[in-house]
$ cat start21.cif   # mmCIF, C-alpha atoms and all ligand atoms
data_work
#
loop_
_atom_site.label_atom_id
_atom_site.label_comp_id
_atom_site.auth_asym_id
_atom_site.auth_seq_id
_atom_site.Cartn_x
_atom_site.Cartn_y
_atom_site.Cartn_z
CA MET A 137 -5.26 6.55 -15.84
CA VAL A 138 -7.95 3.89 -15.44
CA GLY A 139 -5.40 1.14 -14.76
CA LEU A 140 -3.85 3.39 -12.13
CA ALA A 141 -7.23 4.13 -10.51
CA LEU A 142 -8.19 0.43 -10.33
CA GLY A 143 -4.84 -0.56 -8.82
CA ASP A 144 -5.13 2.32 -6.36
CA ALA A 145 -8.74 1.84 -5.22
CA LEU A 146 -8.65 -1.96 -5.15
CA GLY A 147 -5.26 -2.01 -3.41
CA ALA A 148 -6.16 0.58 -0.76
CA PRO A 149 -8.21 -1.78 1.50
CA PHE A 150 -5.08 -3.94 1.87
CA GLU A 151 -2.67 -1.15 2.77
CA GLY A 152 -0.79 -1.00 6.07
CA GLY A 153 -1.48 -2.68 9.38
CA PRO A 154 -4.77 -3.62 11.11
CA LEU A 155 -5.47 -0.04 12.28
CA GLU A 156 -5.01 1.50 8.83
CA ARG A 157 -7.20 -1.21 7.31
CA LEU A 158 -9.91 -0.57 9.88
CA VAL A 159 -9.87 3.17 9.17
CA TRP A 160 -10.10 2.50 5.42
CA TRP A 161 -12.99 0.08 6.09
CA GLY A 162 -14.89 3.13 7.32
CA LEU A 163 -13.66 5.65 4.76
CA GLY A 164 -12.95 3.61 1.67
CA ARG A 165 -16.40 3.50 0.03
CA THR A 166 -18.41 6.17 -1.73
CA ARG A 167 -22.10 6.69 -0.93
CA ASP A 168 -23.05 4.44 -3.82
CA GLY A 169 -20.75 1.66 -2.53
CA ARG A 170 -17.83 2.03 -4.92
CA HIS A 171 -14.20 1.73 -3.83
CA ARG A 172 -12.73 5.15 -3.22
CA THR A 173 -9.54 6.16 -5.02
CA THR A 174 -6.74 7.77 -2.98
CA ASP A 175 -4.12 10.50 -3.45
CA ASP A 176 -2.47 8.56 -6.30
CA THR A 177 -5.54 9.04 -8.51
CA ALA A 178 -6.48 12.47 -7.11
CA MET A 179 -3.07 13.91 -8.02
CA THR A 180 -3.11 12.23 -11.43
CA ARG A 181 -6.45 13.92 -12.04
CA ASP A 182 -4.93 17.25 -10.93
CA ILE A 183 -2.13 16.83 -13.49
CA ALA A 184 -4.61 16.06 -16.26
CA GLU A 185 -6.81 19.03 -15.35
CA SER A 186 -3.82 21.37 -15.14
CA LEU A 187 -2.47 20.29 -18.54
CA LEU A 188 -5.92 20.70 -20.07
CA ALA A 189 -6.45 24.15 -18.56
CA CYS A 190 -2.92 25.51 -19.26
CA ARG A 191 -2.09 23.52 -22.42
CA ALA A 192 1.41 23.52 -20.90
CA LEU A 193 3.26 22.08 -17.92
CA ASP A 194 2.81 24.90 -15.42
CA LEU A 195 4.20 23.89 -12.02
CA ASP A 196 2.67 26.89 -10.22
CA ASP A 197 -0.79 25.95 -11.47
CA LEU A 198 -0.12 22.33 -10.55
CA ALA A 199 0.93 23.20 -7.00
CA GLN A 200 -2.29 25.18 -6.49
CA ARG A 201 -4.41 22.32 -7.84
CA PHE A 202 -2.63 19.74 -5.67
CA ALA A 203 -3.25 21.96 -2.64
CA ARG A 204 -6.92 22.64 -3.48
CA SER A 205 -7.70 18.95 -4.08
CA TYR A 206 -6.04 17.79 -0.86
CA ARG A 207 -8.49 15.92 1.43
CA TRP A 208 -7.21 14.19 4.54
CA HIS A 209 -9.44 11.18 3.96
CA ARG A 210 -7.74 10.28 0.65
CA GLY A 211 -4.71 8.89 2.48
CA TYR A 212 -1.99 11.37 1.49
CA GLY A 213 1.45 10.72 2.97
CA PRO A 214 2.07 12.81 6.13
CA GLY A 215 4.80 14.98 4.54
CA ALA A 216 2.72 15.64 1.43
CA ALA A 217 -0.33 16.47 3.56
CA ALA A 218 1.57 19.04 5.64
CA MET A 219 3.18 20.54 2.54
CA LEU A 220 -0.12 20.91 0.68
CA ARG A 221 -1.87 22.44 3.70
CA SER A 222 0.96 24.95 3.89
CA VAL A 223 0.58 25.85 0.18
CA ARG A 224 -3.14 26.33 0.81
CA ARG A 225 -2.28 28.82 3.55
CA GLY A 226 -0.23 30.79 1.00
CA THR A 227 3.33 29.43 1.29
CA ASP A 228 5.19 29.19 -2.02
CA TRP A 229 5.53 25.52 -3.02
CA ARG A 230 9.27 25.98 -3.55
CA VAL A 231 9.55 26.80 0.15
CA ALA A 232 6.89 24.42 1.48
CA ARG A 233 8.41 21.36 -0.19
CA THR A 234 11.52 21.43 2.00
CA ALA A 235 9.87 22.43 5.28
CA GLN A 236 9.75 18.85 6.67
CA TRP A 237 13.08 17.59 5.36
CA PRO A 238 15.91 19.85 4.10
CA GLU A 239 16.24 17.94 0.82
CA GLY A 240 12.50 17.33 0.43
CA SER A 241 10.56 14.05 0.48
CA TRP A 242 11.90 10.75 -0.79
CA GLY A 243 8.45 9.16 -0.56
CA ASN A 244 6.81 7.49 -3.55
CA GLY A 245 4.19 10.25 -3.92
CA GLY A 246 5.96 11.66 -6.98
CA ALA A 247 6.30 8.26 -8.65
CA MET A 248 2.70 7.19 -8.05
CA ARG A 249 1.37 10.06 -10.19
CA ALA A 250 4.04 9.92 -12.94
CA PRO A 251 2.50 7.33 -15.31
CA ILE A 252 0.19 9.87 -16.94
CA LEU A 253 3.28 11.75 -18.18
CA GLY A 254 4.71 8.58 -19.68
CA ALA A 255 1.42 7.91 -21.44
CA LEU A 256 1.27 11.40 -22.92
CA LEU A 257 4.95 11.52 -23.92
CA HIS A 258 5.24 7.84 -24.88
CA GLU A 259 7.17 8.48 -28.08
CA ASP A 260 10.10 9.97 -26.16
CA GLY A 261 11.19 8.18 -22.98
CA GLY A 262 13.62 10.98 -22.08
CA ALA A 263 10.93 13.65 -22.27
CA ALA A 264 8.56 11.45 -20.25
CA ALA A 265 11.24 11.02 -17.58
CA ALA A 266 11.95 14.76 -17.48
CA ALA A 267 8.25 15.58 -17.14
CA GLY A 268 7.89 12.97 -14.38
CA ASP A 269 10.82 14.52 -12.54
CA ALA A 270 9.42 18.07 -12.91
CA VAL A 271 5.93 17.14 -11.71
CA ALA A 272 7.34 15.17 -8.77
CA SER A 273 9.53 18.11 -7.79
CA VAL A 274 6.50 20.19 -6.76
CA THR A 275 6.05 18.05 -3.63
CA HIS A 276 9.05 15.69 -3.69
CA ALA A 277 12.24 17.73 -4.03
CA HIS A 278 14.55 14.92 -2.85
CA PRO A 279 16.54 13.35 -5.73
CA GLU A 280 15.19 9.90 -4.80
CA GLY A 281 11.58 11.07 -4.88
CA ARG A 282 12.15 12.67 -8.27
CA ALA A 283 14.05 9.70 -9.68
CA GLY A 284 11.19 7.38 -8.74
CA ALA A 285 8.88 9.52 -10.87
CA SER A 286 11.31 9.60 -13.82
CA ILE A 287 11.55 5.84 -13.72
CA LEU A 288 7.79 5.28 -13.67
CA ALA A 289 7.17 7.81 -16.45
CA ARG A 290 9.90 6.27 -18.62
CA ALA A 291 8.64 2.73 -18.00
CA THR A 292 5.04 3.73 -18.76
CA ALA A 293 6.11 5.32 -22.05
CA ALA A 294 7.94 2.13 -23.00
CA CYS A 295 4.86 0.04 -22.10
CA VAL A 296 2.74 2.13 -24.48
CA ARG A 297 5.35 1.61 -27.21
CA GLY A 298 5.15 -2.17 -26.71
CA ALA A 299 8.72 -2.71 -25.47
CA SER A 300 9.50 -6.06 -23.82
CA PRO A 301 9.79 -6.20 -20.01
CA VAL A 302 13.52 -6.93 -20.25
CA ALA A 303 14.08 -4.00 -22.63
CA ILE A 304 12.15 -1.72 -20.24
CA VAL A 305 14.27 -2.73 -17.23
CA GLU A 306 17.42 -2.23 -19.30
CA GLU A 307 16.30 1.22 -20.45
CA VAL A 308 15.54 2.27 -16.89
CA ALA A 309 18.79 0.76 -15.55
CA ALA A 310 20.84 2.62 -18.16
CA HIS A 311 19.47 5.95 -16.91
CA HIS A 312 19.55 5.18 -13.18
CA ALA A 313 22.88 3.45 -12.60
CA ASP A 314 24.05 5.47 -9.58
CA PRO A 315 23.39 4.53 -5.93
CA PRO A 316 20.90 3.86 -4.48
CA TRP A 317 19.27 2.90 -7.79
CA ALA A 318 22.07 0.70 -9.12
CA SER A 319 21.27 -2.36 -7.01
CA PRO A 320 17.57 -3.13 -7.67
CA TRP A 321 17.71 -3.53 -11.47
CA GLY A 322 19.73 -6.75 -11.47
CA LEU A 323 17.19 -8.21 -9.05
CA VAL A 324 14.21 -7.07 -11.12
CA ARG A 325 15.81 -8.63 -14.19
CA ALA A 326 16.51 -11.90 -12.34
CA PHE A 327 12.97 -12.01 -10.88
CA LEU A 328 11.49 -11.67 -14.39
CA ASP A 329 13.24 -14.96 -15.26
CA ALA A 330 12.65 -16.70 -11.92
CA PRO A 331 9.71 -15.29 -9.90
CA PRO A 332 10.59 -14.88 -6.21
CA SER A 333 8.43 -15.81 -3.23
CA VAL A 334 6.31 -13.03 -1.73
CA ALA A 335 8.66 -12.92 1.27
CA THR A 336 11.76 -12.58 -0.95
CA LEU A 337 10.17 -9.86 -3.04
CA ARG A 338 9.16 -7.95 0.09
CA LYS A 339 12.64 -8.31 1.60
CA GLU A 340 14.73 -7.61 -1.50
CA LEU A 341 12.73 -4.89 -3.30
CA GLY A 342 10.34 -3.71 -0.57
CA ASN A 343 6.72 -2.65 -0.11
CA GLU A 344 7.28 0.62 1.75
CA ILE A 345 6.21 4.20 1.08
CA THR A 346 9.66 5.39 -0.02
CA ALA A 347 10.43 5.60 -3.73
CA ILE A 348 13.52 3.40 -3.52
CA ARG A 349 11.61 0.62 -1.71
CA SER A 350 8.49 0.61 -3.91
CA VAL A 351 9.25 1.76 -7.46
CA PRO A 352 11.45 -1.25 -8.42
CA THR A 353 8.83 -3.52 -6.80
CA ALA A 354 5.98 -1.95 -8.77
CA LEU A 355 8.04 -2.14 -11.95
CA TYR A 356 8.59 -5.85 -11.36
CA LEU A 357 4.91 -6.49 -10.49
CA GLY A 358 3.62 -4.54 -13.49
CA LEU A 359 6.06 -5.90 -16.07
CA SER A 360 5.79 -9.51 -14.92
CA SER A 361 1.96 -9.28 -15.13
CA LEU A 362 1.70 -7.72 -18.60
CA ASP A 363 0.69 -11.00 -20.23
CA GLU A 364 -1.62 -12.06 -17.41
CA PRO A 365 -5.18 -11.02 -16.56
CA PHE A 366 -5.35 -7.76 -14.59
CA GLU A 367 -6.87 -9.67 -11.66
CA HIS A 368 -3.60 -11.59 -11.24
CA LEU A 369 -1.69 -8.34 -10.91
CA LEU A 370 -4.12 -7.22 -8.22
CA SER A 371 -3.89 -10.40 -6.20
CA ARG A 372 -0.09 -10.44 -6.41
CA THR A 373 0.02 -6.83 -5.21
CA ARG A 374 -2.35 -7.54 -2.34
CA ALA A 375 -0.26 -10.51 -1.22
CA LEU A 376 2.69 -8.18 -0.81
CA GLY A 377 0.92 -5.87 1.68
CA GLY A 378 2.56 -2.61 2.77
CA ASP A 379 1.86 0.42 0.56
CA ASP A 380 -0.67 -1.50 -1.49
CA ASP A 381 -2.51 1.42 -3.05
CA ALA A 382 0.64 2.99 -4.51
CA LEU A 383 2.08 -0.38 -5.59
CA GLY A 384 -1.27 -1.22 -7.20
CA ALA A 385 -1.51 2.22 -8.81
CA MET A 386 2.00 2.09 -10.31
CA ALA A 387 1.79 -1.53 -11.49
CA GLY A 388 -1.82 -1.09 -12.66
CA ALA A 389 -0.82 1.95 -14.70
CA LEU A 390 1.86 -0.08 -16.52
CA TRP A 391 -0.71 -2.77 -17.35
CA GLY A 392 -3.22 -0.14 -18.50
CA ALA A 393 -0.59 1.65 -20.58
CA ARG A 394 0.17 -1.59 -22.40
CA HIS A 395 -3.40 -2.77 -23.04
CA GLY A 396 -5.65 0.32 -22.86
CA ALA A 397 -8.67 1.08 -20.68
CA SER A 398 -11.02 -1.09 -22.72
CA ALA A 399 -8.98 -4.20 -21.84
CA LEU A 400 -9.43 -3.61 -18.10
CA PRO A 401 -12.15 -5.85 -16.60
CA GLN A 402 -15.57 -4.19 -16.67
CA HIS A 403 -16.61 -5.76 -13.34
CA LEU A 404 -13.67 -3.97 -11.68
CA LYS A 405 -14.30 -0.65 -13.45
CA ASP A 406 -17.90 -0.84 -12.17
CA ARG A 407 -16.64 -1.14 -8.58
CA VAL A 408 -14.35 1.92 -8.56
CA GLU A 409 -15.23 5.57 -7.98
CA ASP A 410 -15.65 7.78 -11.07
CA VAL A 411 -13.90 5.61 -13.65
CA GLY A 412 -16.15 7.19 -16.30
CA GLY A 413 -15.01 10.68 -15.33
CA LEU A 414 -11.36 9.68 -15.48
CA ALA A 415 -11.75 8.04 -18.88
CA HIS A 416 -13.49 11.16 -20.15
CA LEU A 417 -10.67 13.34 -18.81
CA ALA A 418 -8.07 11.06 -20.45
CA ARG A 419 -9.84 11.26 -23.81
CA SER A 420 -10.03 15.07 -23.58
CA LEU A 421 -6.33 15.27 -22.77
CA ALA A 422 -5.35 12.96 -25.62
CA GLY A 423 -7.08 15.37 -28.01
CA VAL A 424 -5.14 18.54 -27.16
CA SER A 425 -1.59 19.59 -27.86
CA ILE A 426 0.56 20.48 -24.85
CA ASP A 427 3.49 22.88 -24.90
CA TRP A 428 5.94 20.99 -22.71
CA GLY A 429 8.93 23.28 -23.22
CA PRO A 430 8.50 26.21 -20.84
CA GLY A 431 7.15 23.96 -18.07
CA LEU A 432 10.14 21.64 -18.23
CA ARG A 433 12.57 24.56 -18.28
CA ALA A 434 10.83 26.06 -15.25
CA ALA A 435 11.61 22.89 -13.30
CA GLY A 436 15.28 23.85 -13.23
CA PRO A 437 18.27 21.48 -13.20
O1 LIG A 501 5.47 10.29 -0.75
P1 LIG A 501 4.15 10.68 -0.18
O2 LIG A 501 3.40 11.73 -0.88
O3 LIG A 501 3.21 9.41 -0.09
C1 LIG A 501 3.71 8.17 0.27
C2 LIG A 501 2.63 7.13 0.26
C3 LIG A 501 1.82 7.10 -1.00
O4 LIG A 501 1.73 5.77 -1.42
C4 LIG A 501 0.48 7.60 -0.58
O5 LIG A 501 -0.54 7.01 -1.33
C5 LIG A 501 0.40 7.27 0.88
O6 LIG A 501 -0.03 5.96 1.09
O7 LIG A 501 1.72 7.39 1.33
O8 LIG A 501 4.32 11.03 1.36
P2 LIG A 501 5.50 11.71 2.16
O9 LIG A 501 4.97 11.96 3.53
O10 LIG A 501 6.08 12.86 1.40
O11 LIG A 501 6.65 10.60 2.25
C6 LIG A 501 6.37 9.35 2.82
C7 LIG A 501 7.18 9.11 4.09
O12 LIG A 501 8.54 8.88 3.76
C8 LIG A 501 7.22 10.27 5.07
O13 LIG A 501 6.04 10.38 5.81
C9 LIG A 501 8.44 9.92 5.90
O14 LIG A 501 8.14 8.91 6.83
C10 LIG A 501 9.37 9.36 4.83
N1 LIG A 501 10.28 10.38 4.30
C11 LIG A 501 11.39 10.82 4.86
N2 LIG A 501 11.94 10.51 6.05
C12 LIG A 501 13.09 11.11 6.36
N3 LIG A 501 13.72 12.00 5.56
C13 LIG A 501 10.16 11.01 3.11
N4 LIG A 501 11.20 11.87 2.93
C14 LIG A 501 11.98 11.76 3.99
C15 LIG A 501 13.22 12.37 4.37
O15 LIG A 501 13.83 13.17 3.63
MG MG A 502 -2.53 6.49 -1.97
#
$ encode --input "start21.cif" --output "structure tokens"
Amino acid sequence: MVGLALGDALGAPFEGGPLERLVWWGLGRTRDGRHRTTDDTAMTRDIAESLLACRALDLDDLAQRFARSYRWHRGYGPGAAAMLRSVRRGTDWRVARTAQWPEGSWGNGGAMRAPILGALLHEDGGAAAAAGDAVASVTHAHPEGRAGASILARATAACVRGASPVAIVEEVAAHHADPPWASPWGLVRAFLDAPPSVATLRKELGNEITAIRSVPTALYLGLSSLDEPFEHLLSRTRALGGDDDALGAMAGALWGARHGASALPQHLKDRVEDVGGLAHLARSLAGVSIDWGPGLRAAGP
């Protein structure tokens, strides 16, 4: 959770074009001068608080928390923002999630908040992936949006278990071999052996806000940085541009899952909003037992 928050908050100032950066220049600091976290961290916090309160994966509770926490200034994607405002007005999340697009969103908003599920269910990659899928489905009904979350949750679980980067890519590839997911894994594997230029990475794997054009990129960035200082991961993410907060959040979460919050640089933790609160929440969550069964069944096929 802390790795995710650092990647999110310290990537956010580099997101998008000149206009988006200017807006974030005005909005992106707290009153005490810390870097603000965005929707990636806010929704991760919602998941943690829901699991703590319900001691189970309760998608109705989660939808209400996502909707209550929504703030326009945290940079939510436009589809997610409209969907959450609609839930706040009383629409059932199962209806609201397909109001913009008939199949639901294929954005990376489900994937960016999935690492927490991989951390909690790290002993079982399949369960982590299923929980990622279920939690994504509240806002991202599209199969691509859900798959992005499964992939990130599965990869995070494998990072906690200490699997090698190559083994992690192979595990993910074995479970996501159908189009459009079939093509990126060979590239991620090749890039782990021979790092591409920034331009090649951007062109081949992407830096956009869709799951298909950001999750393989974040997987590559996170896995190829596991044995490097966290600062390297941040500067490589920033160089890529595009959806920098989500790329930073997803890659930062993989690094954090491997090394733990105490290994993250203190000077960066000091610069980001409410890292202490997040760490406290994570410790509380690690100490309780969660009934995953009914929640996962409620997610449907
Ligand atoms: O996925 P989401 O919650 O957030 C995307 C990113 C995150 O990194 C946030 O931090 C923020 O920076 O934005 O947002 P959505 O609005 O659900 O999806 C992102 C975008 O993908 C949408 O605004 C659309 O442009 C596009 N999109 C689609 N376009 C056509 N058809 C998503 N789903 C569809 C679709 O089905
Ligand atoms: Mg964000």
$ residues_around --input "start21.cif" --residues "segment 299-307 of chain A" --least-positions-apart "2" --cutoff "8 Å" --atoms "only C-alpha atoms" --output "list in words"
Ala291, Ala294, Cys295, Val296, Arg297, Ala309, Ala310, His311, Trp321, Val324, Arg325, Leu328, Leu359 and Ser360 of chain A
$ closest_atom_pairs --input "start21.cif" --of "chain A" --to "ligand MG 502 (chain A)" --cutoff "8 Å" --atoms "only C-alpha atoms and all ligand atoms" --output "CSV"
residue,atom,partner,partner_atom,distance
A:Asp144,CA,A:MG502,MG,6.6
A:Ala148,CA,A:MG502,MG,7.0
A:Thr173,CA,A:MG502,MG,7.7
A:Thr174,CA,A:MG502,MG,4.5
A:Asp175,CA,A:MG502,MG,4.6
A:Asp176,CA,A:MG502,MG,4.8
A:Thr177,CA,A:MG502,MG,7.6
A:Arg210,CA,A:MG502,MG,7.0
A:Gly211,CA,A:MG502,MG,5.5
A:Tyr212,CA,A:MG502,MG,6.0
A:Gly213,CA,A:MG502,MG,7.6
A:Gly245,CA,A:MG502,MG,7.9
A:Asp379,CA,A:MG502,MG,7.9
A:Asp381,CA,A:MG502,MG,5.2
A:Ala382,CA,A:MG502,MG,5.4
$ closest_atom_pairs --input "start21.cif" --of "chain A" --to "ligand LIG 501 (chain A)" --cutoff "8 Å" --atoms "all atoms listed in the file" --output "tab-separated table"
residue	atom	partner	partner_atom	distance
A:Glu151	CA	A:LIG501	O6	7.8
A:Thr174	CA	A:LIG501	O5	6.5
A:Asp175	CA	A:LIG501	O5	5.4
A:Asp176	CA	A:LIG501	O5	5.6
A:Gly211	CA	A:LIG501	C5	5.6
A:Tyr212	CA	A:LIG501	C5	4.8
A:Gly213	CA	A:LIG501	O8	3.3
A:Pro214	CA	A:LIG501	O9	4.0
A:Gly215	CA	A:LIG501	O9	3.2
A:Ala216	CA	A:LIG501	O10	4.4
A:Ala217	CA	A:LIG501	O9	7.0
A:Gln236	CA	A:LIG501	O15	7.6
A:Trp237	CA	A:LIG501	O15	4.8
A:Pro238	CA	A:LIG501	O15	7.0
A:Glu239	CA	A:LIG501	O15	6.0
A:Gly240	CA	A:LIG501	O15	5.4
A:Ser241	CA	A:LIG501	N4	3.3
A:Trp242	CA	A:LIG501	N4	3.9
A:Gly243	CA	A:LIG501	O1	3.2
A:Asn244	CA	A:LIG501	O1	4.2
A:Gly245	CA	A:LIG501	O1	3.4
A:Gly246	CA	A:LIG501	O1	6.4
A:Met248	CA	A:LIG501	O4	6.8
A:Thr275	CA	A:LIG501	O10	7.2
A:His276	CA	A:LIG501	O10	6.5
A:His278	CA	A:LIG501	O15	6.8
A:Gly281	CA	A:LIG501	O1	7.4
A:Ile345	CA	A:LIG501	C2	4.7
A:Thr346	CA	A:LIG501	O12	5.3
A:Ala347	CA	A:LIG501	O1	7.4
A:Asp379	CA	A:LIG501	O4	5.7
A:Asp380	CA	A:LIG501	O4	7.7
A:Asp381	CA	A:LIG501	O5	6.2
A:Ala382	CA	A:LIG501	O4	4.3
A:Leu383	CA	A:LIG501	O4	7.4
$ atom_distance --input "start21.cif" --atom1 "atom CA of Leu193 of chain A" --atom2 "atom CA of Ile426 of chain A"
7.6 Å
$ closest_residue --input "start21.cif" --among "A:Lys405, A:Arg249, A:Arg230, A:Arg224" --to "Ala178 of chain A" --atoms "only C-alpha atoms"
A:Arg249
$ residues_around --input "start21.cif" --residues "segment 256-268 of chain A" --least-positions-apart "2" --cutoff "6 Å" --atoms "all atoms listed in the file" --output "mmCIF file with C-alpha atoms, keeping the file's coordinate frame"
data_model
loop_
_atom_site.group_PDB
_atom_site.id
_atom_site.type_symbol
_atom_site.label_atom_id
_atom_site.label_comp_id
_atom_site.auth_asym_id
_atom_site.auth_seq_id
_atom_site.Cartn_x
_atom_site.Cartn_y
_atom_site.Cartn_z
ATOM 1 C CA ALA A 250 4.040 9.920 -12.940
ATOM 2 C CA LEU A 253 3.280 11.750 -18.180
ATOM 3 C CA GLY A 254 4.710 8.580 -19.680
ATOM 4 C CA ALA A 270 9.420 18.070 -12.910
ATOM 5 C CA VAL A 271 5.930 17.140 -11.710
ATOM 6 C CA ALA A 285 8.880 9.520 -10.870
ATOM 7 C CA SER A 286 11.310 9.600 -13.820
ATOM 8 C CA ALA A 289 7.170 7.810 -16.450
ATOM 9 C CA ARG A 290 9.900 6.270 -18.620
ATOM 10 C CA ALA A 293 6.110 5.320 -22.050
#
$ decode --input "start21.cif" --residues "segment 327-361 of chain A" --atoms "C-alpha atoms" --output "PDB file, in the first residue's frame"
ATOM      1  CA  PHE A 327      12.411  -6.462 -22.486  1.00  0.00           C
ATOM      2  CA  LEU A 328      13.469  -8.068 -19.184  1.00  0.00           C
ATOM      3  CA  ASP A 329      16.486  -9.503 -21.054  1.00  0.00           C
ATOM      4  CA  ALA A 330      17.170  -6.463 -23.241  1.00  0.00           C
ATOM      5  CA  PRO A 331      15.758  -3.172 -21.863  1.00  0.00           C
ATOM      6  CA  PRO A 332      14.058  -1.106 -24.585  1.00  0.00           C
ATOM      7  CA  SER A 333      14.376   2.634 -25.150  1.00  0.00           C
ATOM      8  CA  VAL A 334      11.697   4.832 -23.584  1.00  0.00           C
ATOM      9  CA  ALA A 335      10.226   5.438 -27.051  1.00  0.00           C
ATOM     10  CA  THR A 336      10.045   1.692 -27.814  1.00  0.00           C
ATOM     11  CA  LEU A 337       8.452   0.916 -24.468  1.00  0.00           C
ATOM     12  CA  ARG A 338       5.875   3.663 -24.983  1.00  0.00           C
ATOM     13  CA  LYS A 339       5.103   2.472 -28.514  1.00  0.00           C
ATOM     14  CA  GLU A 340       5.043  -1.282 -27.905  1.00  0.00           C
ATOM     15  CA  LEU A 341       3.445  -1.574 -24.445  1.00  0.00           C
ATOM     16  CA  GLY A 342       1.920   1.895 -23.972  1.00  0.00           C
ATOM     17  CA  ASN A 343       1.443   4.538 -21.283  1.00  0.00           C
ATOM     18  CA  GLU A 344      -2.287   5.146 -21.684  1.00  0.00           C
ATOM     19  CA  ILE A 345      -5.218   4.955 -19.272  1.00  0.00           C
ATOM     20  CA  THR A 346      -6.611   1.700 -20.679  1.00  0.00           C
ATOM     21  CA  ALA A 347      -5.772  -1.559 -18.914  1.00  0.00           C
ATOM     22  CA  ILE A 348      -4.353  -3.226 -22.021  1.00  0.00           C
ATOM     23  CA  ARG A 349      -1.984  -0.293 -22.699  1.00  0.00           C
ATOM     24  CA  SER A 350      -0.718   0.191 -19.138  1.00  0.00           C
ATOM     25  CA  VAL A 351      -0.811  -3.050 -17.134  1.00  0.00           C
ATOM     26  CA  PRO A 352       1.892  -4.881 -19.176  1.00  0.00           C
ATOM     27  CA  THR A 353       3.979  -1.678 -19.058  1.00  0.00           C
ATOM     28  CA  ALA A 354       3.651  -1.387 -15.270  1.00  0.00           C
ATOM     29  CA  LEU A 355       4.450  -5.074 -14.903  1.00  0.00           C
ATOM     30  CA  TYR A 356       7.624  -4.584 -16.928  1.00  0.00           C
ATOM     31  CA  LEU A 357       8.615  -1.400 -15.029  1.00  0.00           C
ATOM     32  CA  GLY A 358       7.983  -2.954 -11.619  1.00  0.00           C
ATOM     33  CA  LEU A 359       9.614  -6.325 -12.287  1.00  0.00           C
ATOM     34  CA  SER A 360      12.664  -4.889 -14.025  1.00  0.00           C
ATOM     35  CA  SER A 361      13.208  -2.497 -11.069  1.00  0.00           C
TER      36      SER A 361
END
